[in-house]
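Working notes for the structure below.
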Amino acid sequence: MKTSAAQPSNTGFPHRHLLGIEGLKPAEITLLLDLAESYVEQNRQPDKKRAVLRGRTLINLFFETSTRTRTSFELAAKRMGADVINISVGDSAIKKGETLLDTAMTLNAMHPDVLVVRTPFSGAVNLLSQKVNGAVVNAGDGSHEHPTQALLDALTIRRRLGRLQGLTVAICGDISHSRVARSNVHLLNTMGARVRVVAPPTLLPGPFARLGVECFTDMRKGLEGCDIVMMLRLQSERMQGAYVPSVHEYFRFWGLDYEKLETAKPDALIMHPGPMNRGVEIDSEVADDLGRSLIREQVEMGVAVRMACLDVLTRNLAPANGGAA
Ligand code: CP
C-alpha cells in the first residue's frame, strides 16, 4: 500500500496521505474522479470560491520546477478557502544544508494541514509523510509516482470517452524516468484499461513488463488500434549520459506525428502531461490539433482533481475548528 496507512474514515477514502496510485482500489479512484467532476463545474463559474477548506493551511514544498502542478494546487486550495504558502528549493534553508526531513519537520511545527511535496528523490515523500501530522500529497517524487497527474489524466479520458474500462492506452517516450508513466500504469490497470508502453529499448526498463503492460519498441506497432496516445517528455534532468543518439533521430522514430498516428484508431486522442518539447517527442501540428489533442483539457482537469484530493484528505483530518459547532 503506497497511499498511506488506512485511517478510520467515513469518506470512502481511508488514507491519510496520497503518496501514489499503487494500492488504491477502483472505488477509491472513482470516488476522487466523481468528486472532481463537481469541481470542474465550480471552476467554470464566475464565483469560484467556496469555504470547504476555511481555516486550513496548505504548504506547497517544491524541490523541482513546476508550472502546472504547483499552480493548480495553489488555485485548488485557494478556491476552497485555504491559506497557501509556496516554498521552492531556491528560497528554502535546503540551500544552507538543511535536509528535506528537517525542513518538513520545521514546517510541521507550524501546523500545516496539508503538505504538497515534489522532490527529485523517489520514495522521499513517503519517508516525509511518516514525520508530519497533516496530510501529505505526492506532487512527483523522482521517477516513482505522480498520483494527481494520473488522476487528472483519467478524468480527462473519462469525460471525453465516458469510461476507462476496455480502452487501449499507449504511453510513449521516456518510460524509464517517468513517474507519470508509473502512476498511469497503476491507475489504468486498476480501472480495467489495456496499457501499452512504447519507447526506445534504452528507455524501456525490463521490469515494466511485470506491471502488466505490453511493451513495444516500434512506435507504429505500439499505436496500432489504440484509443489514447499519451506522449512523455525526455527527462534529461534524470539522465546521466545519452539514452538516444540525437533529438533528431528520436523524433524520427519515437516522436508523434500524423504519419505514425495513422496506425492508431482514426479518432484516437492525444495527451501529454507537459511540459512539452515540440519537435522532440511531439509534432506541433499534432499537439495543437483541436479535434484530437486533450492537452489543454488535462490542465483544466488538474485543478478539479486537486480540489477533490484536498477535499477528501482534509475530511480525514481533525476538524479545522476543533469540532466546535
Ligand atoms: N505535468 C506536470 O507535472 O507539470 P509541471 O512539471 O509543470 O508541474
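The chains in the C-alpha cells are called A, B, ... from first to last as shown; in each chain the residues are counted from 1, and the ligands are counted from 1 in the order shown.
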
Kindly provide, as JSON, numbers by chain, all nucleotide and amino acid residues lying within 10 Å of ligand 1, counting only C-alpha atoms and all ligand atoms. {"A": [62, 64, 65, 66, 67, 68, 69, 70, 71, 72, 73, 118, 139, 140, 146, 147, 148, 149, 150, 152, 153, 179, 180, 232, 233, 272, 273, 274, 275, 276, 298, 299, 302]}

Give me, as a Markdown table, the closest atom pair and its distance (Å, one decimal) for every residue of segment 125-208 of chain A within a cut-off of 6 Å of segment 8-30 of chain A, counting only C-alpha atoms, rows sorted by chain and rising number.
| residue | atom | partner | partner_atom | distance |
| --- | --- | --- | --- | --- |
| A:Ala135 | CA | A:His17 | CA | 5.0 |
| A:Val136 | CA | A:His17 | CA | 4.9 |
| A:Val137 | CA | A:Leu18 | CA | 4.8 |
| A:Asn138 | CA | A:Leu19 | CA | 4.9 |
| A:Glu145 | CA | A:Gly20 | CA | 5.7 |
| A:Pro147 | CA | A:Gly20 | CA | 5.0 |
| A:Ser183 | CA | A:Ile21 | CA | 5.7 |
| A:His186 | CA | A:Glu22 | CA | 5.6 |
| A:Met191 | CA | A:Pro26 | CA | 5.9 |

Include N, CA and C atoms and write out the residues we just selected as a compact mmCIF listing (two decimals), in the first residue's frame.
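again23.txt, written as the output of this step:
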# COMPACT_ATOMS: atom_id res chain seq x y z
N ALA A 135 -1.81 15.87 6.33
CA ALA A 135 -1.85 15.01 5.15
C ALA A 135 -0.73 15.41 4.20
N VAL A 136 -0.14 14.42 3.55
CA VAL A 136 0.92 14.68 2.57
C VAL A 136 0.44 14.21 1.20
N VAL A 137 0.65 15.08 0.20
CA VAL A 137 0.32 14.70 -1.18
C VAL A 137 1.62 14.68 -1.98
N ASN A 138 1.82 13.59 -2.67
CA ASN A 138 2.99 13.46 -3.53
C ASN A 138 2.73 14.20 -4.85
N GLU A 145 6.34 8.16 -8.57
CA GLU A 145 4.89 8.35 -8.79
C GLU A 145 4.53 9.83 -8.88
N PRO A 147 0.78 10.89 -8.50
CA PRO A 147 -0.60 10.38 -8.48
C PRO A 147 -1.65 11.36 -8.99
N SER A 183 2.47 6.04 -12.51
CA SER A 183 1.16 6.29 -11.89
C SER A 183 0.03 5.96 -12.86
N HIS A 186 -0.47 2.14 -13.11
CA HIS A 186 -1.22 1.61 -11.95
C HIS A 186 -2.70 1.96 -12.06
N MET A 191 -8.28 0.26 -13.30
CA MET A 191 -9.61 0.61 -13.80
C MET A 191 -9.99 -0.19 -15.06

Where in segment 106-274 of chain A does DSSP assign strand (DSSP E or B), given as number ranges by chain? A: 114-119, 135-141, 145, 168-172, 194-198, 214-216, 228-231, 256, 269-271

Atoms kept (N, CA, C and O atoms) for selection, written as a short mmCIF file (atom, residue, chain, number, x, y, z; two decimals), in the first residue's frame:
data_model
loop_
_atom_site.label_atom_id
_atom_site.label_comp_id
_atom_site.auth_asym_id
_atom_site.auth_seq_id
_atom_site.Cartn_x
_atom_site.Cartn_y
_atom_site.Cartn_z
N VAL A 114 -1.99 20.39 5.21
CA VAL A 114 -1.59 19.60 4.03
C VAL A 114 -0.22 20.07 3.55
O VAL A 114 0.02 21.27 3.42
N LEU A 115 0.66 19.11 3.30
CA LEU A 115 1.95 19.39 2.67
C LEU A 115 1.93 18.75 1.28
O LEU A 115 1.72 17.53 1.17
N VAL A 116 2.13 19.56 0.27
CA VAL A 116 2.21 19.04 -1.10
C VAL A 116 3.69 19.08 -1.48
O VAL A 116 4.31 20.15 -1.45
N VAL A 117 4.25 17.93 -1.79
CA VAL A 117 5.71 17.85 -1.91
C VAL A 117 6.13 17.29 -3.26
O VAL A 117 5.63 16.25 -3.71
N ARG A 118 7.06 18.00 -3.90
CA ARG A 118 7.73 17.48 -5.11
C ARG A 118 9.22 17.41 -4.84
O ARG A 118 9.82 18.37 -4.34
N THR A 119 9.80 16.28 -5.14
CA THR A 119 11.23 16.08 -4.89
C THR A 119 11.84 15.21 -6.00
O THR A 119 11.14 14.38 -6.59
N ALA A 135 -1.81 15.87 6.33
CA ALA A 135 -1.85 15.01 5.15
C ALA A 135 -0.73 15.41 4.20
O ALA A 135 -0.41 16.59 4.08
N VAL A 136 -0.14 14.42 3.55
CA VAL A 136 0.92 14.68 2.57
C VAL A 136 0.44 14.21 1.20
O VAL A 136 -0.11 13.12 1.07
N VAL A 137 0.65 15.08 0.20
CA VAL A 137 0.32 14.70 -1.18
C VAL A 137 1.62 14.68 -1.98
O VAL A 137 2.39 15.64 -1.95
N ASN A 138 1.82 13.59 -2.67
CA ASN A 138 2.99 13.46 -3.53
C ASN A 138 2.73 14.20 -4.85
O ASN A 138 1.87 13.81 -5.63
N ALA A 139 3.49 15.27 -5.07
CA ALA A 139 3.35 16.04 -6.31
C ALA A 139 4.42 15.62 -7.32
O ALA A 139 4.71 16.36 -8.26
N GLY A 140 4.98 14.42 -7.11
CA GLY A 140 6.01 13.89 -8.00
C GLY A 140 7.28 13.63 -7.24
O GLY A 140 7.90 14.59 -6.74
N ASP A 141 7.65 12.34 -7.09
CA ASP A 141 8.92 12.01 -6.41
C ASP A 141 9.81 11.22 -7.37
O ASP A 141 9.60 10.05 -7.63
N GLU A 145 6.34 8.16 -8.57
CA GLU A 145 4.89 8.35 -8.79
C GLU A 145 4.53 9.83 -8.88
O GLU A 145 5.22 10.70 -8.32
N THR A 168 -7.73 1.05 -24.92
CA THR A 168 -6.31 0.74 -25.11
C THR A 168 -5.53 2.06 -25.11
O THR A 168 -5.81 2.95 -25.92
N VAL A 169 -4.62 2.16 -24.16
CA VAL A 169 -3.86 3.41 -23.98
C VAL A 169 -2.38 3.13 -24.22
O VAL A 169 -1.80 2.24 -23.57
N ALA A 170 -1.78 3.87 -25.14
CA ALA A 170 -0.34 3.72 -25.40
C ALA A 170 0.40 4.88 -24.73
O ALA A 170 0.12 6.04 -25.03
N ILE A 171 1.30 4.56 -23.80
CA ILE A 171 2.12 5.58 -23.14
C ILE A 171 3.50 5.53 -23.80
O ILE A 171 4.14 4.48 -23.80
N CYS A 172 3.91 6.65 -24.38
CA CYS A 172 5.06 6.62 -25.29
C CYS A 172 6.15 7.60 -24.88
O CYS A 172 5.85 8.75 -24.57
N ARG A 194 -6.43 -1.38 -21.09
CA ARG A 194 -5.26 -2.13 -21.59
C ARG A 194 -4.14 -1.13 -21.80
O ARG A 194 -4.32 -0.16 -22.53
N VAL A 195 -2.99 -1.36 -21.17
CA VAL A 195 -1.91 -0.37 -21.25
C VAL A 195 -0.74 -0.92 -22.06
O VAL A 195 -0.31 -2.05 -21.86
N ARG A 196 -0.27 -0.07 -22.97
CA ARG A 196 0.96 -0.39 -23.71
C ARG A 196 2.00 0.67 -23.37
O ARG A 196 1.62 1.85 -23.21
N VAL A 197 3.25 0.29 -23.31
CA VAL A 197 4.31 1.30 -23.22
C VAL A 197 5.18 1.18 -24.46
O VAL A 197 5.46 0.07 -24.93
N VAL A 198 5.54 2.33 -25.01
CA VAL A 198 6.26 2.38 -26.28
C VAL A 198 7.49 3.27 -26.09
O VAL A 198 7.34 4.44 -25.70
N GLU A 214 1.87 -4.18 -22.07
CA GLU A 214 2.54 -4.70 -23.27
C GLU A 214 3.64 -3.71 -23.65
O GLU A 214 3.38 -2.50 -23.66
N CYS A 215 4.81 -4.23 -23.97
CA CYS A 215 5.95 -3.34 -24.28
C CYS A 215 6.26 -3.36 -25.78
O CYS A 215 6.29 -4.43 -26.39
N PHE A 216 6.50 -2.19 -26.32
CA PHE A 216 6.82 -2.05 -27.75
C PHE A 216 8.02 -1.12 -27.91
O PHE A 216 8.12 -0.11 -27.21
N ILE A 228 -6.06 5.97 -27.07
CA ILE A 228 -5.38 7.14 -26.48
C ILE A 228 -3.89 6.99 -26.71
O ILE A 228 -3.31 5.93 -26.46
N VAL A 229 -3.26 8.09 -27.13
CA VAL A 229 -1.80 8.13 -27.25
C VAL A 229 -1.30 9.18 -26.26
O VAL A 229 -1.59 10.37 -26.41
N MET A 230 -0.58 8.72 -25.25
CA MET A 230 -0.09 9.63 -24.21
C MET A 230 1.42 9.78 -24.40
O MET A 230 2.17 8.81 -24.26
N MET A 231 1.85 11.00 -24.75
CA MET A 231 3.27 11.22 -25.02
C MET A 231 3.98 11.73 -23.77
O MET A 231 3.40 12.45 -22.95
N LEU A 256 5.73 11.77 -31.98
CA LEU A 256 4.38 11.57 -32.52
C LEU A 256 4.10 12.58 -33.62
O LEU A 256 4.15 13.80 -33.40
N LEU A 269 -7.22 9.85 -29.40
CA LEU A 269 -6.99 11.15 -28.76
C LEU A 269 -5.55 11.25 -28.27
O LEU A 269 -4.93 10.23 -27.93
N ILE A 270 -5.05 12.48 -28.21
CA ILE A 270 -3.64 12.71 -27.88
C ILE A 270 -3.52 13.42 -26.54
O ILE A 270 -4.23 14.40 -26.29
N MET A 271 -2.61 12.92 -25.71
CA MET A 271 -2.41 13.53 -24.39
C MET A 271 -0.92 13.76 -24.16
O MET A 271 -0.06 13.12 -24.76
#

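Minimum atom-to-atom distances from A:Gly291, A:Gly166, A:Pro200, A:Gly225 to Arg252 of chain A were compared using only C-alpha atoms, and the lowest value belongs to A:Pro200.
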
From a backbone DSSP assignment, name each residue in segment 44-82 of chain A labelled alpha helix (DSSP H), as a CSV table (one decimal) with N, CA, C and O atoms, in the first residue's frame.
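Result file follows (out_11.csv):
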chain,number,residue,atom,x,y,z
A,68,ARG,N,2.4,23.5,-13.9
A,68,ARG,CA,1.0,23.0,-13.8
A,68,ARG,C,0.7,22.6,-12.4
A,68,ARG,O,-0.3,23.0,-11.8
A,69,THR,N,1.5,21.7,-11.8
A,69,THR,CA,1.2,21.1,-10.5
A,69,THR,C,1.2,22.1,-9.4
A,69,THR,O,0.2,22.2,-8.6
A,70,ARG,N,2.2,22.9,-9.3
A,70,ARG,CA,2.3,23.9,-8.2
A,70,ARG,C,1.1,24.9,-8.3
A,70,ARG,O,0.4,25.2,-7.3
A,71,THR,N,0.9,25.4,-9.5
A,71,THR,CA,-0.1,26.4,-9.7
A,71,THR,C,-1.5,25.9,-9.4
A,71,THR,O,-2.3,26.5,-8.8
A,72,SER,N,-1.7,24.6,-9.9
A,72,SER,CA,-3.1,24.1,-9.7
A,72,SER,C,-3.3,23.7,-8.3
A,72,SER,O,-4.5,23.8,-7.8
A,73,PHE,N,-2.3,23.3,-7.5
A,73,PHE,CA,-2.6,23.0,-6.1
A,73,PHE,C,-2.9,24.3,-5.4
A,73,PHE,O,-3.8,24.4,-4.5
A,74,GLU,N,-2.2,25.4,-5.7
A,74,GLU,CA,-2.4,26.7,-5.1
A,74,GLU,C,-3.8,27.2,-5.4
A,74,GLU,O,-4.6,27.6,-4.5
A,75,LEU,N,-4.2,27.1,-6.7
A,75,LEU,CA,-5.5,27.6,-7.1
A,75,LEU,C,-6.6,26.7,-6.4
A,75,LEU,O,-7.6,27.2,-5.9
A,76,ALA,N,-6.4,25.4,-6.4
A,76,ALA,CA,-7.3,24.5,-5.8
A,76,ALA,C,-7.6,24.8,-4.4
A,76,ALA,O,-8.7,25.0,-3.9
A,77,ALA,N,-6.5,25.0,-3.6
A,77,ALA,CA,-6.6,25.3,-2.2
A,77,ALA,C,-7.3,26.7,-1.9
A,77,ALA,O,-8.1,26.8,-1.1
A,78,LYS,N,-6.9,27.6,-2.7
A,78,LYS,CA,-7.4,29.0,-2.6
A,78,LYS,C,-8.9,29.0,-2.9
A,78,LYS,O,-9.7,29.7,-2.3
A,79,ARG,N,-9.3,28.3,-4.0
A,79,ARG,CA,-10.7,28.3,-4.4
A,79,ARG,C,-11.6,27.6,-3.3
A,79,ARG,O,-12.8,27.8,-3.2

All residues 7 Å or closer to Gly279 of chain A, only C-alpha atoms, same chain fewer than 4 positions away omitted, as JSON, numbers by chain: {"A": [251, 283, 284]}

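Taking atom CA of Glu297 of chain A and atom CA of Leu32 of chain A as the two end points, the separation is 17.5 Å.
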
Separating atom CA of Ala264 of chain A from atom CA of Asp227 of chain A, to the nearest tenth of an Å, is a gap of 7.0 Å
